[in-house]
Structures are given as C-alpha cells and as structure tokens.
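This is run_32.pdb (PDB, C-alpha atoms, pLDDT in the B column).
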ATOM      1  CA  MET Q 779     -20.832  37.447 -61.232  1.00 51.00           C
ATOM      2  CA  SER Q 780     -20.853  33.746 -61.372  1.00 50.00           C
ATOM      3  CA  GLN Q 781     -20.332  31.733 -58.206  1.00 53.00           C
ATOM      4  CA  THR Q 782     -18.841  28.287 -58.408  1.00 49.00           C
ATOM      5  CA  THR Q 783     -19.256  25.854 -55.552  1.00 49.00           C
ATOM      6  CA  THR Q 784     -16.684  23.139 -55.214  1.00 49.00           C
ATOM      7  CA  THR Q 785     -17.571  20.104 -53.168  1.00 49.00           C
ATOM      8  CA  ALA Q 786     -14.621  18.269 -51.716  1.00 48.00           C
ATOM      9  CA  LYS Q 787     -15.090  14.620 -50.950  1.00 51.00           C
ATOM     10  CA  ALA Q 788     -13.307  13.495 -47.788  1.00 49.00           C
ATOM     11  CA  THR Q 789     -11.408  10.292 -48.191  1.00 51.00           C
ATOM     12  CA  LEU Q 790     -10.746   8.360 -45.017  1.00 53.00           C
ATOM     13  CA  ALA Q 791      -7.766   6.107 -44.765  1.00 53.00           C
ATOM     14  CA  PRO Q 792      -8.684   2.451 -44.395  1.00 57.00           C
ATOM     15  CA  GLU Q 793      -8.735   1.339 -40.778  1.00 57.00           C
ATOM     16  CA  LYS Q 794      -5.443  -0.072 -39.634  1.00 56.00           C
ATOM     17  CA  LYS Q 795      -5.597  -2.856 -37.117  1.00 56.00           C
ATOM     18  CA  LEU Q 796      -3.337  -2.244 -34.155  1.00 55.00           C
ATOM     19  CA  THR Q 797      -1.525  -5.375 -33.090  1.00 57.00           C
ATOM     20  CA  LEU Q 798      -0.334  -5.405 -29.495  1.00 52.00           C
ATOM     21  CA  PRO Q 799       2.034  -7.909 -27.933  1.00 54.00           C
ATOM     22  CA  GLU Q 800       0.129 -10.741 -26.253  1.00 54.00           C
ATOM     23  CA  SER Q 801       1.515  -9.685 -22.864  1.00 50.00           C
ATOM     24  CA  PHE Q 802      -0.384  -6.365 -23.241  1.00 50.00           C
ATOM     25  CA  VAL Q 803      -3.593  -7.987 -24.432  1.00 48.00           C
ATOM     26  CA  ASN Q 804      -3.687 -10.334 -21.436  1.00 50.00           C
ATOM     27  CA  SER Q 805      -2.572  -7.664 -18.970  1.00 52.00           C
ATOM     28  CA  GLU Q 806      -4.296  -7.523 -15.582  1.00 56.00           C
ATOM     29  CA  VAL Q 807      -4.096  -4.846 -12.918  1.00 60.00           C
ATOM     30  CA  ALA Q 808      -5.140  -5.510  -9.320  1.00 64.00           C
ATOM     31  CA  ALA Q 809      -6.232  -3.134  -6.607  1.00 85.00           C
ATOM     32  CA  THR Q 810      -3.975  -2.222  -3.699  1.00 95.00           C
ATOM     33  CA  GLU Q 811      -3.693  -5.012  -1.137  1.00 95.00           C
ATOM     34  CA  ILE Q 812      -3.082  -4.150   2.493  1.00 96.00           C
ATOM     35  CA  ARG Q 813      -0.638  -6.245   4.529  1.00 96.00           C
ATOM     36  CA  PRO Q 814       0.477  -5.959   8.188  1.00 96.00           C
ATOM     37  CA  TRP Q 815       3.771  -4.379   7.032  1.00 97.00           C
ATOM     38  CA  GLY Q 816       2.247  -1.921   4.508  1.00 98.00           C
ATOM     39  CA  SER Q 817       0.730  -2.519   1.060  1.00 98.00           C
ATOM     40  CA  PHE Q 818       1.370  -3.459  -2.551  1.00 97.00           C
ATOM     41  CA  THR Q 819      -0.291  -2.495  -5.818  1.00 97.00           C
ATOM     42  CA  THR Q 820       0.020  -4.514  -9.004  1.00 96.00           C
ATOM     43  CA  LEU Q 821       0.777  -1.957 -11.710  1.00 96.00           C
ATOM     44  CA  GLU Q 822       0.996  -4.332 -14.661  1.00 96.00           C
ATOM     45  CA  GLU Q 823       0.980  -8.054 -15.261  1.00 95.00           C
ATOM     46  CA  GLY Q 824       1.561 -10.101 -18.375  1.00 96.00           C
ATOM     47  CA  ARG Q 825       2.889 -13.471 -19.416  1.00 96.00           C
ATOM     48  CA  GLY Q 826       6.086 -14.088 -17.434  1.00 98.00           C
ATOM     49  CA  TYR Q 827       6.230 -10.768 -15.566  1.00 98.00           C
ATOM     50  CA  LYS Q 828       4.476  -8.688 -12.912  1.00 97.00           C
ATOM     51  CA  ILE Q 829       5.268  -5.129 -11.780  1.00 97.00           C
ATOM     52  CA  LYS Q 830       4.311  -4.002  -8.260  1.00 97.00           C
ATOM     53  CA  ARG Q 831       4.620  -0.852  -6.183  1.00 98.00           C
ATOM     54  CA  ILE Q 832       5.455  -1.951  -2.629  1.00 98.00           C
ATOM     55  CA  GLU Q 833       5.151   0.355   0.390  1.00 98.00           C
ATOM     56  CA  VAL Q 834       6.662  -0.735   3.719  1.00 98.00           C
ATOM     57  CA  ASN Q 835       5.800   1.221   6.853  1.00 98.00           C
ATOM     58  CA  PRO Q 836       8.670   2.507   9.047  1.00 98.00           C
ATOM     59  CA  GLY Q 837       9.980  -0.168  11.414  1.00 98.00           C
ATOM     60  CA  HIS Q 838       8.224  -3.021   9.574  1.00 98.00           C
ATOM     61  CA  ARG Q 839       9.506  -5.905   7.470  1.00 98.00           C
ATOM     62  CA  LEU Q 840       8.249  -8.666   5.225  1.00 98.00           C
ATOM     63  CA  SER Q 841       8.739 -12.307   6.102  1.00 97.00           C
ATOM     64  CA  LEU Q 842      12.018 -14.115   5.470  1.00 98.00           C
ATOM     65  CA  GLN Q 843      10.875 -16.013   2.390  1.00 97.00           C
ATOM     66  CA  MET Q 844      11.676 -17.575  -0.939  1.00 98.00           C
ATOM     67  CA  HIS Q 845       9.879 -18.335  -4.192  1.00 98.00           C
ATOM     68  CA  HIS Q 846      10.181 -21.510  -6.268  1.00 98.00           C
ATOM     69  CA  HIS Q 847       8.965 -20.047  -9.562  1.00 98.00           C
ATOM     70  CA  ARG Q 848      10.122 -16.448  -9.787  1.00 98.00           C
ATOM     71  CA  SER Q 849      13.008 -14.031  -9.401  1.00 98.00           C
ATOM     72  CA  GLU Q 850      12.582 -10.399  -8.366  1.00 98.00           C
ATOM     73  CA  HIS Q 851      14.242  -7.051  -9.092  1.00 98.00           C
ATOM     74  CA  TRP Q 852      13.755  -4.324  -6.469  1.00 98.00           C
ATOM     75  CA  ILE Q 853      14.267  -0.617  -7.221  1.00 98.00           C
ATOM     76  CA  VAL Q 854      14.015   1.830  -4.311  1.00 98.00           C
ATOM     77  CA  VAL Q 855      11.945   4.922  -5.157  1.00 98.00           C
ATOM     78  CA  SER Q 856      12.069   6.572  -1.736  1.00 98.00           C
ATOM     79  CA  GLY Q 857      13.069   5.720   1.802  1.00 98.00           C
ATOM     80  CA  THR Q 858      15.643   3.204   2.990  1.00 98.00           C
ATOM     81  CA  ALA Q 859      15.545  -0.555   2.393  1.00 98.00           C
ATOM     82  CA  LYS Q 860      17.379  -3.124   4.460  1.00 98.00           C
ATOM     83  CA  VAL Q 861      17.671  -6.215   2.260  1.00 98.00           C
ATOM     84  CA  ILE Q 862      18.684  -9.724   3.200  1.00 98.00           C
ATOM     85  CA  CYS Q 863      19.322 -11.872   0.136  1.00 98.00           C
ATOM     86  CA  GLY Q 864      20.968 -15.279   0.270  1.00 97.00           C
ATOM     87  CA  GLY Q 865      22.674 -14.527   3.592  1.00 92.00           C
ATOM     88  CA  GLU Q 866      23.990 -11.090   2.533  1.00 97.00           C
ATOM     89  CA  GLU Q 867      22.690  -7.900   4.140  1.00 98.00           C
ATOM     90  CA  MET Q 868      22.677  -4.540   2.352  1.00 98.00           C
ATOM     91  CA  ILE Q 869      21.172  -1.067   2.699  1.00 98.00           C
ATOM     92  CA  LEU Q 870      19.616   0.507  -0.395  1.00 98.00           C
ATOM     93  CA  ASN Q 871      18.542   4.126  -0.812  1.00 98.00           C
ATOM     94  CA  SER Q 872      16.589   5.972  -3.492  1.00 98.00           C
ATOM     95  CA  ASN Q 873      17.587   5.023  -7.058  1.00 98.00           C
ATOM     96  CA  GLN Q 874      19.450   1.881  -5.943  1.00 98.00           C
ATOM     97  CA  SER Q 875      18.413  -1.658  -6.799  1.00 98.00           C
ATOM     98  CA  THR Q 876      19.070  -5.339  -6.214  1.00 98.00           C
ATOM     99  CA  TYR Q 877      18.246  -8.710  -7.759  1.00 98.00           C
ATOM    100  CA  VAL Q 878      16.719 -11.642  -5.853  1.00 98.00           C
ATOM    101  CA  PRO Q 879      17.313 -14.939  -7.698  1.00 98.00           C
ATOM    102  CA  GLN Q 880      14.686 -17.667  -7.770  1.00 98.00           C
ATOM    103  CA  CYS Q 881      14.871 -20.093  -4.781  1.00 98.00           C
ATOM    104  CA  THR Q 882      16.899 -17.617  -2.679  1.00 98.00           C
ATOM    105  CA  ASN Q 883      15.951 -16.697   0.898  1.00 98.00           C
ATOM    106  CA  HIS Q 884      15.251 -12.969   1.126  1.00 98.00           C
ATOM    107  CA  ARG Q 885      13.678 -10.289   3.295  1.00 98.00           C
ATOM    108  CA  LEU Q 886      12.801  -6.616   2.857  1.00 98.00           C
ATOM    109  CA  GLU Q 887      12.748  -4.234   5.831  1.00 98.00           C
ATOM    110  CA  ASN Q 888      12.192  -0.517   6.387  1.00 98.00           C
ATOM    111  CA  PRO Q 889      14.634   0.589   9.116  1.00 98.00           C
ATOM    112  CA  GLY Q 890      13.892   4.271   8.447  1.00 97.00           C
ATOM    113  CA  VAL Q 891      11.414   6.821   9.753  1.00 97.00           C
ATOM    114  CA  ILE Q 892       9.605   7.459   6.444  1.00 98.00           C
ATOM    115  CA  LYS Q 893       7.660   5.019   4.279  1.00 98.00           C
ATOM    116  CA  LEU Q 894       9.781   2.817   1.990  1.00 98.00           C
ATOM    117  CA  VAL Q 895       8.496   2.796  -1.593  1.00 98.00           C
ATOM    118  CA  LEU Q 896       9.933   0.440  -4.167  1.00 98.00           C
ATOM    119  CA  ILE Q 897       9.122  -1.044  -7.525  1.00 98.00           C
ATOM    120  CA  GLU Q 898       9.320  -4.822  -7.773  1.00 98.00           C
ATOM    121  CA  VAL Q 899       9.607  -6.567 -11.125  1.00 98.00           C
ATOM    122  CA  GLN Q 900       8.881 -10.294 -10.933  1.00 98.00           C
ATOM    123  CA  ASN Q 901       9.930 -12.695 -13.678  1.00 98.00           C
ATOM    124  CA  GLY Q 902       8.979 -16.343 -13.947  1.00 98.00           C
ATOM    125  CA  GLU Q 903       6.614 -18.972 -15.272  1.00 96.00           C
ATOM    126  CA  TYR Q 904       4.262 -18.712 -12.273  1.00 97.00           C
ATOM    127  CA  LEU Q 905       3.719 -15.439 -10.385  1.00 97.00           C
ATOM    128  CA  GLY Q 906       0.901 -16.311  -7.979  1.00 95.00           C
ATOM    129  CA  GLU Q 907       0.871 -14.940  -4.421  1.00 92.00           C
ATOM    130  CA  ASP Q 908       0.859 -18.530  -3.158  1.00 95.00           C
ATOM    131  CA  ASP Q 909       4.405 -19.172  -4.473  1.00 97.00           C
ATOM    132  CA  ILE Q 910       5.919 -18.288  -1.127  1.00 96.00           C
ATOM    133  CA  VAL Q 911       7.754 -20.289   1.499  1.00 96.00           C
ATOM    134  CA  ARG Q 912       7.992 -18.352   4.773  1.00 96.00           C
ATOM    135  CA  PHE Q 913      10.894 -19.170   7.101  1.00 96.00           C
ATOM    136  CA  GLN Q 914      10.197 -16.416   9.656  1.00 95.00           C
ATOM    137  CA  ASP Q 915       7.319 -13.958   9.936  1.00 94.00           C
ATOM    138  CA  ASP Q 916       6.715 -11.147  12.453  1.00 95.00           C
ATOM    139  CA  TYR Q 917       2.958 -11.446  11.888  1.00 92.00           C
ATOM    140  CA  SER Q 918       2.599 -15.233  12.456  1.00 90.00           C
ATOM    141  CA  ARG Q 919       1.552 -15.975   8.874  1.00 83.00           C
ATOM    142  CA  HIS Q 920       2.315 -19.480   7.673  1.00 71.00           C
ATOM    143  CA  LYS Q 921       3.070 -21.164   4.357  1.00 59.00           C
TER     144      LYS Q 921
END
Target encoding structure tokens, full file:
Amino acid sequence: MSQTTTTAKATLAPEKKLTLPESFVNSEVAATEIRPWGSFTTLEEGRGYKIKRIEVNPGHRLSLQMHHHRSEHWIVVSGTAKVICGGEEMILNSNQSTYVPQCTNHRLENPGVIKLVLIEVQNGEYLGEDDIVRFQDDYSRHK
C-alpha cells in the first residue's frame, strides 16, 4: 500500500489597511467628573462633536447658562428632567428629548426622587468646558 502525503500551502490574503474617519482616529474619552449636582462622563469625542452621559441627583440642578460655540441635544434615559430653554419650561421623561441652540440660556434640573440620566450630544467648533456663561448657580460657581 502506497501512502501519498499532500502538503497544502496556506495562502494569506494581503493585509488590508483599515481607514477610519478622522473623528474616530482623534477620539478622546475622559473619566467621570463629579460636580455638586451629580456627574458627567464623556463617552466619545471627535472633531465637532462630544457625547456625554449626565447624571443629576434628585432635587439638584445645573446652572442657568449658555454656550457661545456649541449647541446641545438632550435625550432622557431615565428619571424626569425639568428643562428651561430660551425662556420656555418643559418636563421630559424617559425616551424624550430636546434641542438647545447655541447662545441660548438653558438649565437642566431633576425635580424627581430618582437620579436623572441623560445623554447629551454637543455640536460645534469648540467644545471645551470653559465655553460657559453662568447667569445663576446654586453652588456659587462663576464664569
């Protein structure tokens, strides 16, 4: 009995270079930052946008503020949000959202008894934390 051995040669496909959008390549993610009203976590950041998870403790609110260089979209994940935007007041619940235009006075408050969790999507040419003008602040922060 004759035995034949066949040797197969593995052929690997040439490496393909994966090209990602520049916003992914330059993406930064920050740790959770604690504030007197709760906390925020930067989930993703790229050129012209930043996505945050914001948690507001029951009975607390952010300052009445505005931003020169960005607009914001807020989507409520859980809890109840009291929103003041450009002089209008509204209540948002889970799966509801609102838009805050650039240069518009706004405030976010948690009037409920459970933590408010929302996703904030910022859009603009400059998204630094120092782009904030505070008109009123429960925690005596200035700027």
Evaluate the PyMOL selection byres ((chain Q and resi 890) around 8) on the structure here and hand back the selected residues as a list in words.
->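 Written out, the selection comes to Pro836, Gly837, Gly857, Thr858, Ala859, Asn888, Pro889, Val891, Ile892, Lys893 and Leu894 of chain Q.
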Excluding Leu905 of chain Q and any residue of its chain fewer than 4 positions from it, enumerate the residues within 10 Å of it, using all atoms listed in the file, and give them as a list in words.
->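 Using all atoms listed in the file, the neighbours found are Glu823, Gly824, Arg825, Gly826, Tyr827, Lys828, His845, His846, His847, Arg848, Ser849, Gln900, Asn901, Asp909 and Ile910 of chain Q.
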Proximity to Lys860 of chain Q - best of Q:Lys830, Q:Leu886, Q:Pro879, Q:Met844, only C-alpha atoms |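 Closest candidate: Q:Leu886.
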Expand the PyMOL selection byres ((chain Q and resi 862) around 8) into the individual residues it matches in the shown file, reporting them as a list in words.
->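 Selection result, ordered by chain and number: Lys860, Val861, Cys863, Gly864, Gly865, Glu866, Glu867, Met868, Asn883, His884, Arg885 and Leu886 of chain Q.
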Which residues fall under the PyMOL selection byres ((chain Q and resi 806-822) around 7) in this file, as a PyMOL selection string?
-> chain Q and resi 804-805+823-824+828-835+838-840
Counting all atoms listed in the file, figure out which residue out of Q:Glu887, Q:Ser918, Q:Val878, Q:Asp908 gets nearest to Glu850 of chain Q.
->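 Of the candidates, the smallest distance to Glu850 of chain Q is held by Q:Val878.
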Distance in Å - atom CA of Ser872 of chain Q versus atom CA of Gln914 of chain Q =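 So the two atoms, atom CA of Ser872 of chain Q and atom CA of Gln914 of chain Q, lie 26.7 Å apart.
From atom CA of Thr876 of chain Q back to atom CA of Glu907 of chain Q, the distance works out to 20.7 Å.
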5 Å per side around segment 900-911 of chain Q: axis-aligned box centre and edge lengths, as JSON:
{"center_x": 5.4, "center_y": -15.3, "center_z": -6.9, "size_x": 19.1, "size_y": 20.0, "size_z": 26.8}
Do you know which residues are at most 7 Å from Ile853 of chain Q counting only C-alpha atoms, after dropping those on the same chain fewer than 6 positions away, and could you put them as a list in words?
->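 Neighbouring residues, sequence-local ones excluded: Asn873, Gln874, Ser875, Thr876, Leu896, Ile897 and Glu898 of chain Q.
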Straight-line distance linking atom CA of Tyr877 of chain Q with atom CA of Val854 of chain Q, stated in Å to one decimal = 11.9 Å
